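As stored in data_10.cif (mmCIF, C-alpha atoms):
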```cif
data_target
#
loop_
_atom_site.label_atom_id
_atom_site.label_comp_id
_atom_site.auth_asym_id
_atom_site.auth_seq_id
_atom_site.Cartn_x
_atom_site.Cartn_y
_atom_site.Cartn_z
CA MET A 1 32.50 -18.37 19.11
CA ARG A 2 33.19 -19.00 15.40
CA THR A 3 36.92 -19.40 16.18
CA LEU A 4 36.22 -21.83 19.01
CA LEU A 5 33.97 -23.94 16.80
CA ALA A 6 36.67 -24.09 14.15
CA LEU A 7 39.44 -25.30 16.49
CA PRO A 8 38.41 -28.99 16.68
CA LEU A 9 38.12 -29.11 12.90
CA LEU A 10 41.56 -27.54 12.44
CA ALA A 11 43.11 -29.92 14.98
CA GLY A 12 41.64 -32.89 13.16
CA LEU A 13 42.92 -31.63 9.84
CA ALA A 14 46.39 -31.12 11.32
CA GLY A 15 46.44 -34.74 12.53
CA LEU A 16 45.30 -35.90 9.12
CA ALA A 17 48.08 -33.91 7.51
CA GLY A 18 50.65 -35.57 9.82
CA CYS A 19 49.53 -39.01 8.68
CA SER A 20 49.61 -38.11 5.00
CA SER A 21 52.54 -39.29 2.94
CA ASN A 22 52.56 -36.03 1.00
CA ASN A 23 51.87 -33.15 3.33
CA ASP A 24 49.94 -31.11 0.75
CA ILE A 25 46.48 -30.56 2.29
CA ASP A 26 45.47 -26.92 1.84
CA LEU A 27 43.69 -25.91 5.02
CA ALA A 28 42.45 -22.74 3.35
CA THR A 29 40.04 -24.80 1.29
CA TYR A 30 38.23 -25.79 4.50
CA VAL A 31 37.88 -22.27 5.86
CA GLU A 32 35.66 -19.62 4.31
CA GLN A 33 37.67 -16.72 2.98
CA THR A 34 36.79 -13.48 4.75
CA GLU A 35 36.49 -10.39 2.61
CA PRO A 36 35.90 -6.79 3.71
CA ALA A 37 32.26 -6.00 4.33
CA ASP A 38 32.14 -3.11 1.88
CA VAL A 39 33.67 -5.24 -0.88
CA LEU A 40 31.11 -8.01 -0.41
CA PHE A 41 28.25 -5.53 -0.22
CA ASN A 42 29.26 -3.73 -3.39
CA GLN A 43 29.68 -7.05 -5.17
CA ALA A 44 26.17 -8.00 -4.06
CA LEU A 45 24.75 -4.73 -5.38
CA ALA A 46 26.54 -5.17 -8.69
CA ASN A 47 25.13 -8.67 -9.07
CA LEU A 48 21.66 -7.43 -8.16
CA GLU A 49 21.78 -4.64 -10.75
CA ALA A 50 23.02 -7.10 -13.36
CA GLY A 51 20.16 -9.46 -12.64
CA ARG A 52 22.33 -12.17 -11.12
CA LEU A 53 19.96 -12.60 -8.22
CA ALA A 54 21.25 -15.91 -6.88
CA GLU A 55 24.80 -14.59 -6.70
CA ALA A 56 23.59 -11.34 -5.13
CA ALA A 57 21.73 -13.30 -2.45
CA LYS A 58 24.88 -15.27 -1.63
CA LYS A 59 26.94 -12.10 -1.31
CA PHE A 60 24.40 -10.38 0.94
CA ASP A 61 24.31 -13.52 3.08
CA SER A 62 28.11 -13.54 3.26
CA VAL A 63 28.15 -9.98 4.59
CA ASP A 64 25.70 -10.89 7.33
CA ARG A 65 27.56 -14.08 8.16
CA GLN A 66 31.13 -12.75 8.08
CA HIS A 67 30.46 -9.30 9.56
CA PRO A 68 27.45 -9.74 11.87
CA TYR A 69 25.89 -6.61 13.40
CA SER A 70 28.00 -4.31 11.26
CA GLU A 71 26.51 -1.44 9.28
CA PHE A 72 26.91 -3.40 6.06
CA ALA A 73 25.30 -6.45 7.66
CA ARG A 74 22.28 -4.33 8.54
CA LYS A 75 21.98 -3.13 4.96
CA SER A 76 22.63 -6.59 3.57
CA LEU A 77 19.89 -8.18 5.64
CA VAL A 78 17.11 -6.02 4.23
CA MET A 79 18.59 -6.11 0.71
CA GLY A 80 18.88 -9.87 1.00
CA ALA A 81 15.17 -10.03 1.89
CA PHE A 82 14.38 -7.98 -1.21
CA THR A 83 16.56 -10.22 -3.38
CA GLN A 84 14.85 -13.35 -2.09
CA TYR A 85 11.50 -11.73 -2.88
CA ARG A 86 12.67 -10.96 -6.42
CA MET A 87 13.61 -14.62 -6.79
CA ASN A 88 10.09 -15.66 -5.70
CA ARG A 89 11.59 -17.31 -2.63
CA TYR A 90 8.90 -15.85 -0.43
CA ASP A 91 9.46 -17.92 2.71
CA GLU A 92 13.14 -16.92 2.75
CA ALA A 93 12.23 -13.27 2.14
CA ILE A 94 9.77 -13.30 5.05
CA LEU A 95 12.33 -14.87 7.39
CA ALA A 96 15.04 -12.37 6.44
CA ALA A 97 12.69 -9.40 6.80
CA LYS A 98 11.44 -10.62 10.18
CA ARG A 99 15.01 -11.06 11.38
CA PHE A 100 15.79 -7.51 10.30
CA LEU A 101 12.78 -6.21 12.24
CA THR A 102 13.85 -8.17 15.31
CA LEU A 103 17.37 -6.75 15.20
CA TYR A 104 16.53 -3.24 14.01
CA PRO A 105 12.90 -2.45 14.92
CA SER A 106 13.45 1.32 14.88
CA ASP A 107 15.60 1.47 11.77
CA ALA A 108 14.62 3.73 8.87
CA GLU A 109 14.32 0.63 6.66
CA ALA A 110 11.98 -1.14 9.08
CA PRO A 111 8.82 -0.09 7.15
CA TYR A 112 10.36 -1.48 3.97
CA ALA A 113 11.13 -4.78 5.68
CA GLN A 114 7.52 -5.01 6.86
CA TYR A 115 6.35 -4.14 3.35
CA ILE A 116 8.42 -7.01 1.93
CA ILE A 117 6.68 -9.39 4.35
CA GLY A 118 3.29 -8.18 3.16
CA LEU A 119 4.27 -8.40 -0.50
CA SER A 120 5.64 -11.91 -0.03
CA TRP A 121 2.31 -13.10 1.35
CA TYR A 122 0.38 -11.15 -1.29
CA ARG A 123 2.24 -12.85 -4.14
CA GLN A 124 1.15 -16.23 -2.78
CA ILE A 125 -2.59 -15.51 -2.64
CA LYS A 126 -4.52 -18.30 -4.30
CA ASP A 127 -7.83 -18.51 -6.13
CA VAL A 128 -10.95 -18.38 -3.95
CA THR A 129 -11.46 -22.09 -4.49
CA ASN A 130 -8.45 -22.59 -2.19
CA ASP A 131 -7.80 -21.76 1.44
CA GLN A 132 -7.17 -18.04 1.93
CA ARG A 133 -4.40 -18.27 4.55
CA GLU A 134 -2.13 -16.10 2.40
CA SER A 135 -4.84 -13.45 2.13
CA ARG A 136 -5.19 -13.34 5.90
CA LYS A 137 -1.42 -13.08 6.31
CA THR A 138 -1.32 -10.26 3.75
CA VAL A 139 -3.92 -8.31 5.71
CA GLU A 140 -2.06 -8.87 8.98
CA ALA A 141 1.32 -7.81 7.56
CA MET A 142 0.06 -4.74 5.72
CA ASP A 143 -2.13 -3.69 8.63
CA GLU A 144 0.94 -3.79 10.89
CA LEU A 145 2.76 -1.61 8.37
CA ILE A 146 -0.08 0.93 8.43
CA GLN A 147 -0.41 0.93 12.21
CA ARG A 148 3.31 1.20 13.03
CA TRP A 149 4.42 3.44 10.18
CA PRO A 150 1.36 5.43 9.05
CA ASP A 151 3.50 7.99 7.21
CA SER A 152 5.47 5.42 5.24
CA GLN A 153 5.58 5.67 1.45
CA TYR A 154 4.43 2.04 1.31
CA VAL A 155 1.13 2.62 3.14
CA GLU A 156 -1.01 3.42 0.10
CA ASP A 157 0.05 0.29 -1.75
CA GLY A 158 -0.36 -1.65 1.48
CA LYS A 159 -3.98 -0.49 1.68
CA ALA A 160 -4.56 -1.58 -1.91
CA LYS A 161 -3.15 -5.01 -1.14
CA ILE A 162 -5.43 -5.26 1.90
CA ARG A 163 -8.48 -4.44 -0.22
CA PHE A 164 -7.61 -7.18 -2.68
CA ALA A 165 -6.89 -9.72 0.07
CA ARG A 166 -10.14 -8.94 1.89
CA ASP A 167 -12.05 -9.32 -1.35
CA GLN A 168 -10.48 -12.75 -1.78
CA MET A 169 -11.47 -13.72 1.76
CA ALA A 170 -15.02 -12.55 1.10
CA GLY A 171 -14.97 -14.43 -2.19
CA LYS A 172 -14.13 -17.62 -0.36
CA GLU A 173 -17.14 -17.16 1.94
CA MET A 174 -19.31 -16.53 -1.12
CA GLN A 175 -18.08 -19.67 -2.80
CA ILE A 176 -19.01 -21.76 0.24
CA GLY A 177 -22.33 -19.96 0.60
CA ARG A 178 -23.26 -20.61 -3.04
CA TYR A 179 -22.36 -24.27 -2.56
CA TYR A 180 -24.81 -24.60 0.34
CA LEU A 181 -27.45 -22.59 -1.52
CA GLU A 182 -27.29 -24.94 -4.51
CA ARG A 183 -27.74 -27.86 -2.13
CA ARG A 184 -30.74 -26.09 -0.55
CA GLU A 185 -28.99 -25.94 2.79
CA TYR A 186 -30.30 -22.44 3.31
CA ALA A 187 -29.35 -21.86 6.92
CA ALA A 188 -25.73 -22.78 6.21
CA SER A 189 -25.64 -20.54 3.15
CA ILE A 190 -27.13 -17.59 5.05
CA LYS A 191 -24.43 -17.95 7.67
CA ARG A 192 -21.73 -17.49 5.00
CA PHE A 193 -23.46 -14.55 3.31
CA ARG A 194 -23.90 -12.92 6.71
CA ILE A 195 -20.15 -13.17 7.32
CA VAL A 196 -19.57 -11.34 4.05
CA LEU A 197 -21.92 -8.51 5.02
CA GLU A 198 -20.73 -8.13 8.59
CA ASN A 199 -16.99 -8.58 8.00
CA TYR A 200 -16.44 -7.61 4.37
CA GLY A 201 -19.17 -5.09 3.66
CA ASN A 202 -16.76 -2.79 1.83
CA THR A 203 -15.77 -5.44 -0.73
CA ARG A 204 -17.35 -6.04 -4.13
CA GLN A 205 -18.74 -9.34 -2.81
CA ALA A 206 -21.33 -7.57 -0.61
CA GLU A 207 -23.60 -6.82 -3.57
CA GLU A 208 -24.03 -10.47 -4.49
CA ALA A 209 -24.27 -11.47 -0.83
CA LEU A 210 -27.42 -9.33 -0.43
CA ALA A 211 -28.94 -10.89 -3.55
CA ARG A 212 -28.14 -14.39 -2.32
CA LEU A 213 -29.68 -13.57 1.06
CA THR A 214 -32.84 -12.48 -0.74
CA GLU A 215 -32.86 -15.79 -2.60
CA ALA A 216 -32.17 -17.94 0.47
CA TYR A 217 -34.72 -16.25 2.75
CA PHE A 218 -37.32 -16.28 -0.02
CA ALA A 219 -36.80 -20.03 -0.49
CA MET A 220 -37.27 -20.56 3.26
CA GLY A 221 -40.49 -18.57 3.27
CA LEU A 222 -38.97 -15.82 5.42
CA THR A 223 -40.36 -13.09 3.20
CA THR A 224 -39.75 -10.18 5.57
CA GLU A 225 -36.04 -10.93 5.66
CA ALA A 226 -35.99 -11.45 1.89
CA GLN A 227 -37.68 -8.08 1.36
CA THR A 228 -35.19 -6.42 3.70
CA ALA A 229 -32.18 -7.89 1.92
CA ALA A 230 -33.56 -6.71 -1.42
CA ALA A 231 -34.33 -3.24 -0.04
CA VAL A 232 -30.81 -2.81 1.34
CA LEU A 233 -29.43 -4.07 -1.97
CA GLY A 234 -31.50 -1.53 -3.90
CA HIS A 235 -30.54 1.30 -1.55
CA ASN A 236 -26.83 0.67 -1.96
CA TYR A 237 -26.72 -0.62 -5.53
CA PRO A 238 -29.80 0.77 -7.30
CA ASP A 239 -28.47 0.05 -10.80
CA SER A 240 -27.26 -3.43 -9.99
CA GLU A 241 -28.25 -6.46 -12.04
CA TRP A 242 -28.36 -8.34 -8.75
CA TYR A 243 -31.01 -5.90 -7.51
CA ALA A 244 -33.05 -6.31 -10.68
CA ALA A 245 -32.96 -10.10 -10.24
CA SER A 246 -33.92 -9.85 -6.56
CA TYR A 247 -36.79 -7.48 -7.33
CA LYS A 248 -38.08 -9.87 -9.99
CA LEU A 249 -37.86 -12.82 -7.58
CA LEU A 250 -39.98 -11.03 -4.97
CA GLN A 251 -42.58 -10.07 -7.56
CA THR A 252 -43.20 -13.75 -8.32
CA ASN A 253 -44.95 -13.82 -4.95
CA GLY A 254 -46.49 -10.36 -5.22
CA LEU A 255 -43.86 -8.80 -2.97
CA GLN A 256 -41.61 -5.76 -3.21
CA PRO A 257 -38.40 -4.76 -1.43
CA ARG A 258 -39.25 -3.32 1.97
CA GLU A 259 -36.78 -2.77 4.75
CA ASN A 260 -37.44 -4.02 8.25
CA THR A 261 -35.18 -1.88 10.44
CA GLY A 262 -35.27 -4.51 13.15
CA SER A 263 -33.49 -7.05 10.96
CA TRP A 264 -29.81 -7.80 11.35
CA ILE A 265 -29.47 -7.07 7.62
CA SER A 266 -30.30 -3.42 8.17
CA ALA A 267 -27.75 -3.12 10.95
CA ALA A 268 -24.93 -5.11 9.38
CA PRO A 269 -23.75 -3.28 6.26
CA ALA A 270 -22.36 -0.10 7.84
CA SER A 271 -19.61 0.05 5.25
CA LEU A 272 -21.81 -0.32 2.17
CA PRO A 273 -21.80 2.54 -0.38
CA GLY A 274 -25.21 3.90 0.59
CA SER A 275 -24.70 3.66 4.34
CA SER A 276 -24.57 6.85 6.34
#
```

In structure tokens, write the structure found in this file.
Amino acid sequence: MRTLLALPLLAGLAGLAGCSSNNDIDLATYVEQTEPADVLFNQALANLEAGRLAEAAKKFDSVDRQHPYSEFARKSLVMGAFTQYRMNRYDEAILAAKRFLTLYPSDAEAPYAQYIIGLSWYRQIKDVTNDQRESRKTVEAMDELIQRWPDSQYVEDGKAKIRFARDQMAGKEMQIGRYYLERREYAASIKRFRIVLENYGNTRQAEEALARLTEAYFAMGLTTEAQTAAAVLGHNYPDSEWYAASYKLLQTNGLQPRENTGSWISAAPASLPGSS
């Protein structure tokens, strides 16, 4: 196919050469020079080790382009993805790694390619004041790594990246919830804090979420729910400053933490530290 696509160009160049007064056009300058796959691959590795990442990326790409579906092309594709990642070109790294997985889904390097995808999303995670799309993508990519290759050497780090990304996602919900709470839009704030408890109960944001629920329900006059939130907070985080603040808030109205087992708050935090 590559030869066929080149024929019209070569024919045009030949006609141009016939019209030239000095027949000195070098056709080789218009055609990419093909080098052996092993030579290109070794040159790419040498550039990578020397820190010449841009040149390494070009060489890996040349292997894949000049010797498609060869053994060296297979190696170059995943190494190219890694090189793009090292250059902070995360979109390119993700595309290269996904292409590798499409072509070689059962290859020994497939877990590494999936890991590169997860890392590329992880490195783009933004502060909780921003949209957490990258956090969600990190969780999806690393979860796929864990599910498909549970014995991979990258699984433990993948789990750590998931924990961080989930904490960021919970942090975003907390930020929105605090915004509504400050505006005294209590129902809207409770909705956000509930998401944290039900979906991200094993993150560090759950502790504050219970305290904020105590505050919001107390402000609405729903004292039974406020007492329950404080009781669950105290059960799971007895030494927490958030619990101390919640306890003090309830005492202003002569109340104490007391769990109502019929509340959604009692049923939600199955993943909290003190849950059975």

| task | List the residues matched by the PyMOL selection byres ((chain A and resi 55) around 12) in the displayed structure as JSON, numbers by chain, ordered by chain and then by residue number. | result | {"A": [40, 41, 43, 44, 45, 46, 47, 48, 49, 50, 51, 52, 53, 54, 56, 57, 58, 59, 60, 61, 62, 80, 83, 84, 87]}

| said: Translate the PyMOL selection byres ((chain A and resi 148) around 12) into a concrete residue list for this structure, as a ChimeraX atom specification. | reply: /A:105-106,110-112,114-115,141-147,149-152,154-155

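Taking atom CA of Gly171 of chain A as the reference point, atom CA of Val139 of chain A is found at 14.9 Å.
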
| message | Suppose a student applies the PyMOL selection byres ((chain A and resi 259) around 6) to this structure; what residues should they get, written as a VMD selection string? | response | chain A and resid 228 231 258 260 to 261

Put those residues in a file: C-alpha atoms, as a compact mmCIF listing (two decimals), in the coordinates of the input.
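The resulting file, again_8.txt, is reproduced below:
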```
# COMPACT_ATOMS: atom_id res chain seq x y z
CA THR A 228 -35.19 -6.42 3.70
CA ALA A 231 -34.33 -3.24 -0.04
CA ARG A 258 -39.25 -3.32 1.97
CA ASN A 260 -37.44 -4.02 8.25
CA THR A 261 -35.18 -1.88 10.44
```

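Separating atom CA of Thr138 of chain A from atom CA of Ile116 of chain A is a distance of 10.4 Å.
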
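Among the candidates A:Arg212, A:Ile176, A:Gln256, A:Leu272, the one nearest to His235 of chain A when counting all atoms listed in the file is A:Leu272.
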
Please, what is the axis-aligned box for every listed atom of segment 69-72 of chain A with 5 Å on each side, as centre and edge lengths in Å to one decimal, as AutoDock Vina command-line options?
```
--center_x 26.9 --center_y -4.0 --center_z 9.7 --size_x 12.1 --size_y 15.2 --size_z 17.3
```

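The gap separating atom CA of Met79 of chain A from atom CA of Asn42 of chain A is 11.7 Å, in Å to one decimal.
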
| said: When you look at Glu173 of chain A with a cut-off of 8 Å (counting all atoms listed in the file), what residues show up, excluding the ones that are within fewer than 2 positions of it in the same chain? I need them as a ChimeraX atom specification. | reply: /A:169-171,175-177,192-193,195-196

| Using only C-alpha atoms, which of the listed residues (A:Glu140, A:Glu215, A:Glu207, A:Glu156) sits closest to Val232 of chain A? |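 Checking each candidate against Val232 of chain A, we get A:Glu207 as the closest.
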
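With all atoms listed in the file as the atoms that count, the residue of A:Ile125, A:Glu182, A:Leu222, A:Met174 with the shortest distance to Ala209 of chain A is A:Met174.
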
| message | Applying 10 Å and only C-alpha atoms, which residues near segment 63-74 of chain A remain after dropping the ones on its own chain fewer than 6 positions away? List them as an MDAnalysis selection string. | response | chainID A and resid 2 32:42 44 80 100 103:104 107 109

| Of the candidates A:Tyr217, A:Tyr180, A:Tyr243, A:Tyr122, which one gets nearest to Lys159 of chain A if we count only C-alpha atoms? |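 The closest residue to Lys159 of chain A is A:Tyr122.
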
| Ala93 of chain A surroundings by all atoms listed in the file, 7 Å radius, close-in-sequence under 5 positions cut, as a VMD selection string | chain A and resid 81 to 82 84 to 85

| query | With all atoms listed in the file as the atoms that count, which of A:Trp242, A:Tyr200, A:Tyr186, A:Tyr179 lies nearest to Arg163 of chain A? | reply | A:Tyr200

| Nearest residue to Arg136 of chain A from the set A:Ala267, A:Ile162, A:Ile117, A:Ala244 (distances using all atoms listed in the file) | A:Ile162
